[in-house]
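Structure file model_29.csv with CSV, C-alpha atoms:
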```csv
chain,number,residue,atom,x,y,z
A,5,MET,CA,66.5,90.7,86.9
A,6,ARG,CA,68.7,87.5,86.6
A,7,GLU,CA,68.0,87.3,82.9
A,8,VAL,CA,69.2,90.9,82.4
A,9,LYS,CA,72.4,90.3,84.4
A,10,ALA,CA,73.0,87.1,82.5
A,11,ALA,CA,72.6,89.0,79.2
A,12,VAL,CA,75.0,91.8,80.4
A,13,ASP,CA,77.5,89.1,81.5
A,14,ARG,CA,77.3,87.4,78.0
A,15,VAL,CA,77.8,90.7,76.2
A,16,LEU,CA,80.7,91.7,78.4
A,17,GLN,CA,82.3,88.3,77.9
A,18,TRP,CA,82.0,88.5,74.1
A,19,VAL,CA,83.3,92.1,74.1
A,20,SER,CA,86.2,91.1,76.3
A,21,ILE,CA,87.1,88.1,74.1
A,22,THR,CA,86.9,90.3,71.0
A,23,ILE,CA,89.1,92.9,72.5
A,24,VAL,CA,91.7,90.3,73.5
A,25,ALA,CA,91.6,88.9,69.9
A,26,LEU,CA,92.0,92.3,68.4
A,27,MET,CA,94.9,93.1,70.8
A,28,THR,CA,96.6,89.9,69.8
A,29,VAL,CA,96.4,90.8,66.1
A,30,PHE,CA,97.7,94.4,66.7
A,31,VAL,CA,100.5,93.3,69.0
A,32,THR,CA,101.5,90.5,66.6
A,33,TYR,CA,101.5,93.0,63.7
A,34,GLN,CA,103.6,95.4,65.8
A,35,VAL,CA,106.2,92.7,66.5
A,36,ILE,CA,106.4,91.8,62.9
A,37,THR,CA,106.8,95.4,61.7
A,38,ARG,CA,109.3,96.1,64.4
A,39,TYR,CA,111.6,93.1,64.1
A,40,VAL,CA,111.0,91.8,60.5
A,41,PHE,CA,110.7,95.0,58.6
A,42,ASN,CA,112.6,97.2,61.1
A,43,LYS,CA,109.8,99.8,60.8
A,44,PRO,CA,107.5,99.8,63.9
A,45,SER,CA,103.9,100.8,63.5
A,46,ALA,CA,102.8,103.6,65.8
A,47,VAL,CA,99.1,103.0,65.0
A,48,SER,CA,99.1,99.3,66.1
A,49,GLU,CA,100.9,100.1,69.3
A,50,THR,CA,98.4,102.9,70.1
A,51,VAL,CA,95.3,100.8,69.2
A,52,ALA,CA,96.6,97.9,71.4
A,53,ARG,CA,97.2,100.3,74.3
A,54,TYR,CA,93.7,101.8,74.1
A,55,LEU,CA,92.1,98.4,73.7
A,56,PHE,CA,93.9,97.4,76.9
A,57,VAL,CA,92.3,100.3,78.7
A,58,TRP,CA,88.8,99.3,77.5
A,59,LEU,CA,89.5,95.6,78.3
A,60,THR,CA,90.6,96.5,81.9
A,61,ILE,CA,87.4,98.5,82.5
A,62,PHE,CA,85.0,95.9,80.9
A,63,GLY,CA,86.9,93.0,82.5
A,64,GLY,CA,86.9,94.6,85.9
A,65,ALA,CA,83.1,95.2,85.7
A,66,LEU,CA,82.6,91.6,84.6
A,67,VAL,CA,84.7,90.2,87.4
A,68,PHE,CA,82.9,92.4,89.9
A,69,GLY,CA,79.5,91.4,88.5
A,70,LYS,CA,80.4,87.7,88.9
A,71,ARG,CA,81.8,88.4,92.4
A,72,ASP,CA,85.0,86.7,91.4
A,73,HIS,CA,87.2,89.6,92.5
A,74,MET,CA,89.7,89.4,95.3
A,75,ASN,CA,88.0,89.8,98.6
A,76,LEU,CA,89.6,89.9,102.0
A,77,THR,CA,87.0,88.4,104.4
A,78,PHE,CA,88.9,87.4,107.5
A,79,MET,CA,87.5,90.2,109.6
A,80,ARG,CA,84.0,89.9,108.2
A,81,ASP,CA,84.0,86.1,108.7
A,82,MET,CA,84.4,86.7,112.5
A,83,LEU,CA,81.0,88.4,112.6
A,84,PRO,CA,77.6,86.6,113.0
A,85,GLN,CA,76.0,85.7,109.7
A,86,LYS,CA,73.5,88.5,109.6
A,87,MET,CA,76.2,91.1,110.3
A,88,GLN,CA,78.3,89.6,107.5
A,89,THR,CA,75.5,90.3,105.1
A,90,VAL,CA,75.1,93.8,106.4
A,91,CYS,CA,78.8,94.4,105.9
A,92,GLU,CA,78.6,93.1,102.3
A,93,MET,CA,75.6,95.5,101.7
A,94,LEU,CA,77.7,98.4,103.1
A,95,SER,CA,80.5,97.4,100.8
A,96,GLU,CA,78.2,97.3,97.8
A,97,LEU,CA,76.9,100.7,98.7
A,98,LEU,CA,80.4,102.2,98.9
A,99,ILE,CA,81.3,100.6,95.5
A,100,ALA,CA,78.1,102.1,94.0
A,101,LEU,CA,79.0,105.5,95.3
A,102,PHE,CA,82.5,105.2,93.8
A,103,ALA,CA,81.0,104.1,90.5
A,104,VAL,CA,78.6,107.1,90.4
A,105,MET,CA,80.9,109.8,91.8
A,106,VAL,CA,84.3,108.8,90.3
A,107,MET,CA,83.6,106.7,87.2
A,108,ILE,CA,80.4,108.1,85.9
A,109,TYR,CA,80.4,111.7,87.0
A,110,GLY,CA,84.2,112.2,87.0
A,111,GLY,CA,84.7,110.1,83.8
A,112,ARG,CA,82.0,112.1,82.0
A,113,ILE,CA,83.5,115.4,82.9
A,114,TYR,CA,87.0,114.2,82.0
A,115,SER,CA,85.7,112.7,78.7
A,116,ALA,CA,84.0,116.0,77.8
A,117,ARG,CA,87.1,118.0,78.6
A,118,GLU,CA,89.3,115.7,76.4
A,119,MET,CA,86.9,115.8,73.5
A,120,VAL,CA,89.0,118.5,71.7
A,121,GLN,CA,92.3,116.7,72.2
A,122,THR,CA,93.1,114.1,69.5
A,123,ASP,CA,95.5,111.2,69.5
A,124,PRO,CA,98.4,112.1,67.2
A,125,SER,CA,98.7,108.6,65.6
A,126,LEU,CA,95.0,107.7,65.3
A,127,LYS,CA,93.6,111.1,64.7
A,128,ILE,CA,90.6,110.4,67.0
A,129,SER,CA,89.2,112.3,69.9
A,130,MET,CA,90.6,111.2,73.3
A,131,ALA,CA,87.0,111.2,74.5
A,132,TRP,CA,86.7,107.7,72.8
A,133,ILE,CA,89.4,106.5,75.1
A,134,TYR,CA,88.2,108.2,78.3
A,135,GLY,CA,84.7,107.2,77.5
A,136,SER,CA,85.4,103.8,79.0
A,137,LEU,CA,85.2,105.3,82.5
A,138,PRO,CA,81.6,106.4,82.5
A,139,ILE,CA,80.5,103.2,80.6
A,140,GLY,CA,82.4,101.0,83.1
A,141,GLY,CA,80.9,103.0,85.9
A,142,VAL,CA,77.4,102.3,84.6
A,143,LEU,CA,78.2,98.6,84.4
A,144,ILE,CA,79.6,98.5,87.9
A,145,LEU,CA,76.7,100.5,89.2
A,146,PHE,CA,74.3,98.0,87.6
A,147,TYR,CA,76.1,95.0,89.1
A,148,SER,CA,76.4,96.7,92.5
A,149,LEU,CA,72.6,97.4,92.6
A,150,TYR,CA,72.0,93.8,91.5
A,151,ASN,CA,74.2,92.5,94.3
A,152,GLU,CA,72.6,94.8,96.8
A,153,LEU,CA,69.2,93.4,95.9
A,154,GLN,CA,70.5,89.8,96.2
A,155,LEU,CA,72.0,90.6,99.6
A,156,PHE,CA,68.8,92.4,100.8
A,157,ASN,CA,66.7,89.3,99.9
A,158,LYS,CA,69.3,87.1,101.7
A,159,LEU,CA,69.0,89.4,104.8
A,160,LYS,CA,65.1,89.2,104.7
A,161,THR,CA,65.2,85.4,104.6
A,162,LYS,CA,67.5,85.2,107.7
A,163,ARG,CA,65.0,86.9,110.0
```

Show me, as structure tokens, the structure contained in the file I just sent.
Amino acid sequence: MREVKAAVDRVLQWVSITIVALMTVFVTYQVITRYVFNKPSAVSETVARYLFVWLTIFGGALVFGKRDHMNLTFMRDMLPQKMQTVCEMLSELLIALFAVMVMIYGGRIYSAREMVQTDPSLKISMAWIYGSLPIGGVLILFYSLYNELQLFNKLKTKR
């Protein structure tokens, strides 16, 4: 399971790096067309905005998977070690529920609903943009289940 997580981490890292590089190119192009040629490009602005949406979803999933996200632990740290692990497990369960209900289920419904709407400047279906929600939800669910398994093993060894 660790190898699968490591592979998903690597893919997300490279996808995020690629998106940042593409955003840099599109934003630079936008600045040049706006201030040098005095004719801004609507396409580059739109692509950069949509890439930012995907970067946020993928980056959030990656940070969550590495457990590098902001975490307020002052209340949990007052509990005994075993209860701290139980609280972390409960937190992972709630995050998994959020990923399934809001991101996967809700995102899929919203993506399907927006399939007929197209972006005026790119002429692509908005489902390509909103599709980031269910994909990000699947990634967060994977990481949440992985973390839950790690915490369960940690709880077993503390008995």

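Between atom CA of Val15 of chain A and atom CA of Arg117 of chain A the separation is 28.9 Å.
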
Q.
From the options A:Met119, A:Ile128, A:Met105, A:Val24, which residue's atoms come nearest to Gly141 of chain A, counting all atoms listed in the file?
A. A:Met105

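Using all atoms listed in the file, the nearest neighbour of Asn157 of chain A within the list A:Ser129, A:Thr77, A:Ser136, A:Thr89 is A:Thr89.
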
Q: Counting only C-alpha atoms, select every polymer residue within 10 Å of (80.5, 107.6, 89.4) as defined in the file's coordinates, and provide the selection as a PyMOL selection string.
A: chain A and resi 99-112+137-142+144-145

Who sits within 8 Å of Glu96 of chain A, only C-alpha atoms, same chain under 4 positions skipped, as a tab-separated table (two decimals) with C-alpha atoms, in the coordinates of the input:
```
chain	number	residue	atom	x	y	z
A	92	GLU	CA	78.60	93.10	102.30
A	100	ALA	CA	78.10	102.10	94.00
A	148	SER	CA	76.40	96.70	92.50
A	149	LEU	CA	72.60	97.40	92.60
A	151	ASN	CA	74.20	92.50	94.30
A	152	GLU	CA	72.60	94.80	96.80
```

Q.
I'd like the interatomic distance between atom CA of Phe146 of chain A and atom CA of Val51 of chain A, to a tenth of an Å.
A. 28.1 Å

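The smallest atom-to-atom distance between Lys158 of chain A and any of A:Thr28, A:Gln34, A:Gln88, A:Thr60, using all atoms listed in the file, is found for A:Gln88.
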
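Each of A:Asn75, A:Leu126, A:Ile36, A:Asp81 was compared to Ser95 of chain A using all atoms listed in the file, and A:Asn75 turns out to be the nearest.
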
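For the atom pair formed by atom CA of Asp13 of chain A and atom CA of Phe30 of chain A, the distance is 25.6 Å, given to one decimal.
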
Q) Which polymer residues have any atom within 10 Å of an atom of Trp132 of chain A, counting all atoms listed in the file, with same-chain residues fewer than 5 positions away left out, as a ChimeraX atom specification? A) /A:54,58,115,118-119,122

**Q.** Point (72.4, 95.0, 83.7), cut-off 7 Å, counting only C-alpha atoms, residues as a PyMOL selection string
**A.** chain A and resi 8-9+12+143+146-147

Just write the chosen residues, C-alpha atoms, as a PDB file, keeping the file's coordinate frame.
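Result file out-v8.pdb:
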```
ATOM      1  CA  VAL A   8      69.200  90.900  82.400  1.00  0.00           C
ATOM      2  CA  LYS A   9      72.400  90.300  84.400  1.00  0.00           C
ATOM      3  CA  VAL A  12      75.000  91.800  80.400  1.00  0.00           C
ATOM      4  CA  LEU A 143      78.200  98.600  84.400  1.00  0.00           C
ATOM      5  CA  PHE A 146      74.300  98.000  87.600  1.00  0.00           C
ATOM      6  CA  TYR A 147      76.100  95.000  89.100  1.00  0.00           C
TER       7      TYR A 147
END
```

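Here the question is which of A:Gly64, A:Pro44, A:Gly69, A:Pro84 gets nearest to Val31 of chain A using all atoms listed in the file, and that residue is A:Pro44.
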
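Minimum atom-to-atom distance to Leu66 of chain A, evaluated using only C-alpha atoms, belongs to A:Ser20 out of A:Thr32, A:Ser20, A:Asn42, A:Thr37.
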
Q: Tell me which protein, DNA and RNA residues are within 10 Å of Met5 of chain A, counting only C-alpha atoms, leaving out same-chain ones fewer than 6 positions away, and put them as a VMD selection string.
A: chain A and resid 11 150 153

Write the selection just made, keeping C-alpha atoms, as an mmCIF file, in the frame of the given file?
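Generated file (out-v2.cif):
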```cif
data_model
loop_
_atom_site.group_PDB
_atom_site.id
_atom_site.type_symbol
_atom_site.label_atom_id
_atom_site.label_comp_id
_atom_site.auth_asym_id
_atom_site.auth_seq_id
_atom_site.Cartn_x
_atom_site.Cartn_y
_atom_site.Cartn_z
ATOM 1 C CA ALA A 11 72.600 89.000 79.200
ATOM 2 C CA TYR A 150 72.000 93.800 91.500
ATOM 3 C CA LEU A 153 69.200 93.400 95.900
#
```

Model the absent atoms of segment 35-47 of chain A so that N, CA and C atoms are present, and write the result as a compact mmCIF listing (two decimals), in the coordinates of the input.
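Saved result, selection.txt, follows:
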```
# COMPACT_ATOMS: atom_id res chain seq x y z
N VAL A 35 104.92 93.50 66.41
CA VAL A 35 106.20 92.70 66.50
C VAL A 35 106.75 92.46 65.15
N ILE A 36 105.89 92.07 64.22
CA ILE A 36 106.40 91.80 62.90
C ILE A 36 106.96 93.03 62.20
N THR A 37 106.24 94.15 62.30
CA THR A 37 106.80 95.40 61.70
C THR A 37 108.02 95.87 62.35
N ARG A 38 108.13 95.65 63.64
CA ARG A 38 109.30 96.10 64.40
C ARG A 38 110.54 95.26 64.08
N TYR A 39 110.40 93.93 64.16
CA TYR A 39 111.60 93.10 64.10
C TYR A 39 111.83 92.47 62.70
N VAL A 40 110.80 92.32 61.88
CA VAL A 40 111.00 91.80 60.50
C VAL A 40 111.32 92.89 59.55
N PHE A 41 110.50 93.95 59.58
CA PHE A 41 110.70 95.00 58.60
C PHE A 41 111.45 96.21 59.16
N ASN A 42 111.79 96.16 60.44
CA ASN A 42 112.60 97.20 61.10
C ASN A 42 111.90 98.60 60.96
N LYS A 43 110.57 98.60 60.93
CA LYS A 43 109.80 99.80 60.80
C LYS A 43 108.54 99.70 61.68
N PRO A 44 108.64 100.02 62.97
CA PRO A 44 107.50 99.80 63.90
C PRO A 44 106.29 100.68 63.50
N SER A 45 105.13 100.11 63.75
CA SER A 45 103.90 100.80 63.50
C SER A 45 103.37 101.50 64.73
N ALA A 46 103.29 102.81 64.68
CA ALA A 46 102.80 103.60 65.80
C ALA A 46 101.30 103.36 66.01
N VAL A 47 100.59 103.14 64.92
CA VAL A 47 99.10 103.00 65.00
C VAL A 47 98.78 101.68 65.75
```
